[in-house]
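J.: A single structure is presented below for examination.
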Amino acid sequence: MEVKCCVCEAPVQGEPQYMGVRAYCSRCYAKVVRNRGSVWWASLAGLAGLVAFVALVALLAGLIRPHLQGFGLLAAGVILSLVPALVWGGLFYLQDAQEPEPKHMVLSVFVLGALLARAIGMPVVNDVFRLPEWIGASPLYHILGAILVAGFTQQFLIYAAVRYSVFNSPEFDERVDGVVYGTAAALGYATMLNVQYVVSSGGVDLVSGIIRIAVTALALASFGGLSGYFLGRCKFEDEPVWWMPAGLTLAAVLDGLFTYVRGEVTTTAVGLRGGGYNPWPGLLLGAGVTALTFGVLFYLMRRLEHSAAPAPVAAIEEA
């Protein structure tokens, strides 16, 4: 009986490779089980580059103290909102030169993530559930609102931006591609959140504003990459029916807890002059969470790579 590869759908020549009940040709199997190291170096470079850029801008703004008002302040804030995506995307393609994902597909997922944030995510959180009006009532309300409303809304829409666009594309041919596209969708979502924050505020203070913008991008990119990991496993392996819902729940819970903890660490102690806001601990927290999340994903991918049956050498070289 003829066996077809579940990825390229071509008849398998010779002995097929299997993951569960899914059959692969040797070439597709070699690509699926590969853990592309350039993706992780690109992620690390993007993290380091973004943190360095934000710290430099914040320090310069604190020293120079530019007097921006009105449209100038608003324009500066909007431009800074685009910086995390530009830094991450640029460094990603410089590092991932061996086999980069098609630029138009990564860009389309990024734009779709932004559009879903504006068309669905923000109206649901702000208008339907009116989260800003009651989330600060108590720590319990803050945690529950951040997880059940903001966290699940954001992570489901980031998942949808990948699942209902590039997921079935022939270019989505490696498990690690889920991390790549999940991160792109999350950065699009974060960019729209940051632009909306700047516009609704009429501009932002350059020091606290650029740090807040970077932290939002770092956090969502991390949890979007986590959702993408579960998506990549779903496409190429026989995972149980609860696998993807569990992945989304984990990402949403971490998203909400991060939001709560960031609020706690950036709020200074209340004194005679009242409380204050210090954005620097938030940047350190965001960088640490991002590094930890992508480090764990790299470790999990390496375990999958080592546990997979070896593919023929010719297939690996061809892939």
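Ordering of the structure tokens sets the chain letters (A, B, ...); residue numbers start at 1 within each chain; ligands are numbered from 1 in the order shown.
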Hey, what's within 9 Å of stretch 70-86 of chain A if we count only C-alpha atoms and toss same-chain stuff fewer than 6 positions away? As a tab-separated table (two decimals) with C-alpha atoms, in the first residue's frame, please?

T.:
chain	number	residue	atom	x	y	z
A	46	GLY	CA	17.16	40.19	19.72
A	50	LEU	CA	16.50	45.42	22.50
A	54	VAL	CA	16.18	50.73	25.42
A	110	PHE	CA	3.00	40.17	12.48
A	184	ALA	CA	6.02	37.31	15.20
A	187	LEU	CA	5.21	41.19	18.52
A	188	GLY	CA	2.45	42.45	16.22
A	190	ALA	CA	2.41	44.06	21.43
A	191	THR	CA	3.14	46.78	18.88
A	192	MET	CA	-0.56	47.60	18.56
A	193	LEU	CA	-0.95	47.68	22.34
A	194	ASN	CA	1.99	50.06	22.60
A	195	VAL	CA	0.75	52.35	19.83
A	196	GLN	CA	-2.67	52.50	21.45
A	198	VAL	CA	0.93	56.15	23.32
A	199	VAL	CA	-2.00	57.59	21.35
A	201	SER	CA	-1.91	59.08	26.52
A	202	GLY	CA	-1.17	61.83	24.00
A	203	GLY	CA	2.50	60.83	24.05
A	204	VAL	CA	4.69	59.34	26.77
A	205	ASP	CA	7.67	60.25	28.87
A	206	LEU	CA	10.62	58.99	26.84
A	209	GLY	CA	7.64	55.11	27.93
A	210	ILE	CA	10.37	53.28	26.01
A	213	ILE	CA	7.04	49.58	25.42
A	214	ALA	CA	10.00	47.19	25.50
A	217	ALA	CA	7.03	43.44	23.66
A	218	LEU	CA	9.44	41.17	25.56

J.: Any chance you could tabulate, as CSV, the residues of stretch 203-292 of chain A at most 12 Å from stretch 141-146 of chain A with each one's nearest atom pair and distance in Å to one decimal, using only C-alpha atoms, in chain and rising number order?

T.:
residue,atom,partner,partner_atom,distance
A:Ala252,CA,A:Ala146,CA,8.7
A:Val253,CA,A:Ala146,CA,8.3
A:Leu254,CA,A:Ala146,CA,9.7
A:Asp255,CA,A:Ala146,CA,7.6
A:Gly256,CA,A:Ala146,CA,4.3
A:Leu257,CA,A:Ile143,CA,6.5
A:Phe258,CA,A:Ala146,CA,8.7
A:Thr259,CA,A:Ala146,CA,6.5
A:Tyr260,CA,A:Ile143,CA,6.0
A:Val261,CA,A:Ile143,CA,9.1
A:Arg262,CA,A:Ala146,CA,11.4
A:Gly263,CA,A:His142,CA,9.7
A:Glu264,CA,A:His142,CA,10.7

J.: Write the residues of the selection above to a file with N, CA and C atoms, as a PDB file, in the first residue's frame.

T.:
ATOM      1  N   ALA A 252      -1.375  31.833  28.991  1.00  0.00           N
ATOM      2  CA  ALA A 252      -2.252  32.863  29.539  1.00  0.00           C
ATOM      3  C   ALA A 252      -1.981  33.098  31.024  1.00  0.00           C
ATOM      4  N   VAL A 253      -1.772  32.028  31.769  1.00  0.00           N
ATOM      5  CA  VAL A 253      -1.485  32.156  33.200  1.00  0.00           C
ATOM      6  C   VAL A 253      -0.165  32.901  33.415  1.00  0.00           C
ATOM      7  N   LEU A 254       0.863  32.521  32.666  1.00  0.00           N
ATOM      8  CA  LEU A 254       2.154  33.201  32.787  1.00  0.00           C
ATOM      9  C   LEU A 254       2.045  34.662  32.364  1.00  0.00           C
ATOM     10  N   ASP A 255       1.271  34.922  31.318  1.00  0.00           N
ATOM     11  CA  ASP A 255       1.030  36.289  30.847  1.00  0.00           C
ATOM     12  C   ASP A 255       0.396  37.130  31.960  1.00  0.00           C
ATOM     13  N   GLY A 256      -0.656  36.597  32.564  1.00  0.00           N
ATOM     14  CA  GLY A 256      -1.344  37.339  33.618  1.00  0.00           C
ATOM     15  C   GLY A 256      -0.492  37.533  34.858  1.00  0.00           C
ATOM     16  N   LEU A 257       0.229  36.492  35.271  1.00  0.00           N
ATOM     17  CA  LEU A 257       1.090  36.611  36.442  1.00  0.00           C
ATOM     18  C   LEU A 257       2.215  37.621  36.198  1.00  0.00           C
ATOM     19  N   PHE A 258       2.742  37.630  34.986  1.00  0.00           N
ATOM     20  CA  PHE A 258       3.788  38.607  34.661  1.00  0.00           C
ATOM     21  C   PHE A 258       3.231  40.028  34.789  1.00  0.00           C
ATOM     22  N   THR A 259       2.027  40.240  34.268  1.00  0.00           N
ATOM     23  CA  THR A 259       1.405  41.563  34.347  1.00  0.00           C
ATOM     24  C   THR A 259       1.262  42.009  35.803  1.00  0.00           C
ATOM     25  N   TYR A 260       0.834  41.106  36.659  1.00  0.00           N
ATOM     26  CA  TYR A 260       0.659  41.448  38.065  1.00  0.00           C
ATOM     27  C   TYR A 260       2.002  41.739  38.738  1.00  0.00           C
ATOM     28  N   VAL A 261       2.988  40.861  38.517  1.00  0.00           N
ATOM     29  CA  VAL A 261       4.295  41.029  39.163  1.00  0.00           C
ATOM     30  C   VAL A 261       4.975  42.295  38.659  1.00  0.00           C
ATOM     31  N   ARG A 262       4.843  42.589  37.374  1.00  0.00           N
ATOM     32  CA  ARG A 262       5.442  43.816  36.841  1.00  0.00           C
ATOM     33  C   ARG A 262       4.861  45.043  37.546  1.00  0.00           C
ATOM     34  N   GLY A 263       3.550  45.032  37.762  1.00  0.00           N
ATOM     35  CA  GLY A 263       2.940  46.144  38.468  1.00  0.00           C
ATOM     36  C   GLY A 263       3.471  46.292  39.884  1.00  0.00           C
ATOM     37  N   GLU A 264       3.750  45.161  40.526  1.00  0.00           N
ATOM     38  CA  GLU A 264       4.242  45.195  41.897  1.00  0.00           C
ATOM     39  C   GLU A 264       5.677  45.707  41.967  1.00  0.00           C
TER      40      GLU A 264
END

J.: Which residues are near stretch 102-106 of chain A? Cut-off 8 Å, only C-alpha atoms, ignore same chain within fewer than 2 positions. Put them as a PDB file with C-alpha atoms, in the first residue's frame.

T.:
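Contents of out.pdb, as written:
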ATOM      1  CA  PRO A 100      15.109  32.076   7.155  1.00  0.00           C
ATOM      2  CA  SER A 108       1.842  38.844   7.396  1.00  0.00           C
ATOM      3  CA  VAL A 109       1.634  37.053  10.753  1.00  0.00           C
ATOM      4  CA  PHE A 110       3.000  40.166  12.484  1.00  0.00           C
ATOM      5  CA  VAL A 166       0.475  29.994   8.006  1.00  0.00           C
ATOM      6  CA  GLU A 171       6.695  26.662   4.654  1.00  0.00           C
ATOM      7  CA  TYR A 181       5.585  32.562  13.908  1.00  0.00           C
ATOM      8  CA  ALA A 184       6.021  37.312  15.201  1.00  0.00           C
TER       9      ALA A 184
END

J.: For A:Leu60, which residue among A:Val32, A:Val180, A:Ile120, A:Val207 is the nearest when counting only C-alpha atoms?

T.: A:Val207

J.: Find, counting only C-alpha atoms, the residue in A:Phe152, A:Trp280, A:Phe172, A:Trp243 that gets nearest to A:Arg212.

T.: A:Trp280

J.: Using only C-alpha atoms, which protein or nucleic acid residues come within 9 Å of stretch 130-132 of chain A? Drop anything in the same chain fewer than 5 positions from it, and give the result as a ChimeraX atom specification.

T.: /A:123-125,145-146,149-150

J.: Give the helix (DSSP H, G or I) residues of stretch 97-207 of chain A, as assigned by DSSP on the backbone, as a PyMOL selection string.

T.: chain A and resi 103-128+131-134+139-163+177-201+206-207

J.: Could you name the residues that touch A:Pro281 at 8 Å or less, counting only C-alpha atoms, but leaving out those on the same chain fewer than 4 positions away, as a PDB file with C-alpha atoms, in the first residue's frame?

T.:
ATOM      1  CA  ARG A 262       5.442  43.816  36.841  1.00  0.00           C
ATOM      2  CA  VAL A 265       7.957  45.602  41.147  1.00  0.00           C
ATOM      3  CA  THR A 266       7.563  48.920  39.309  1.00  0.00           C
ATOM      4  CA  LEU A 285      11.967  41.357  34.901  1.00  0.00           C
TER       5      LEU A 285
END

J.: From the list A:Thr267, A:Leu300, A:Phe53, A:Gln154, which residue is nearest A:Arg233 when using only C-alpha atoms?

T.: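 Counting only C-alpha atoms, the residue closest to A:Arg233 is A:Leu300.
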
J.: Using only C-alpha atoms for the distances, tell me which of A:Ala291, A:Ala114, A:Cys234, A:Ile135 is nearest to A:Leu44.

T.: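 The shortest atom-to-atom distance to A:Leu44 comes from A:Ala291.
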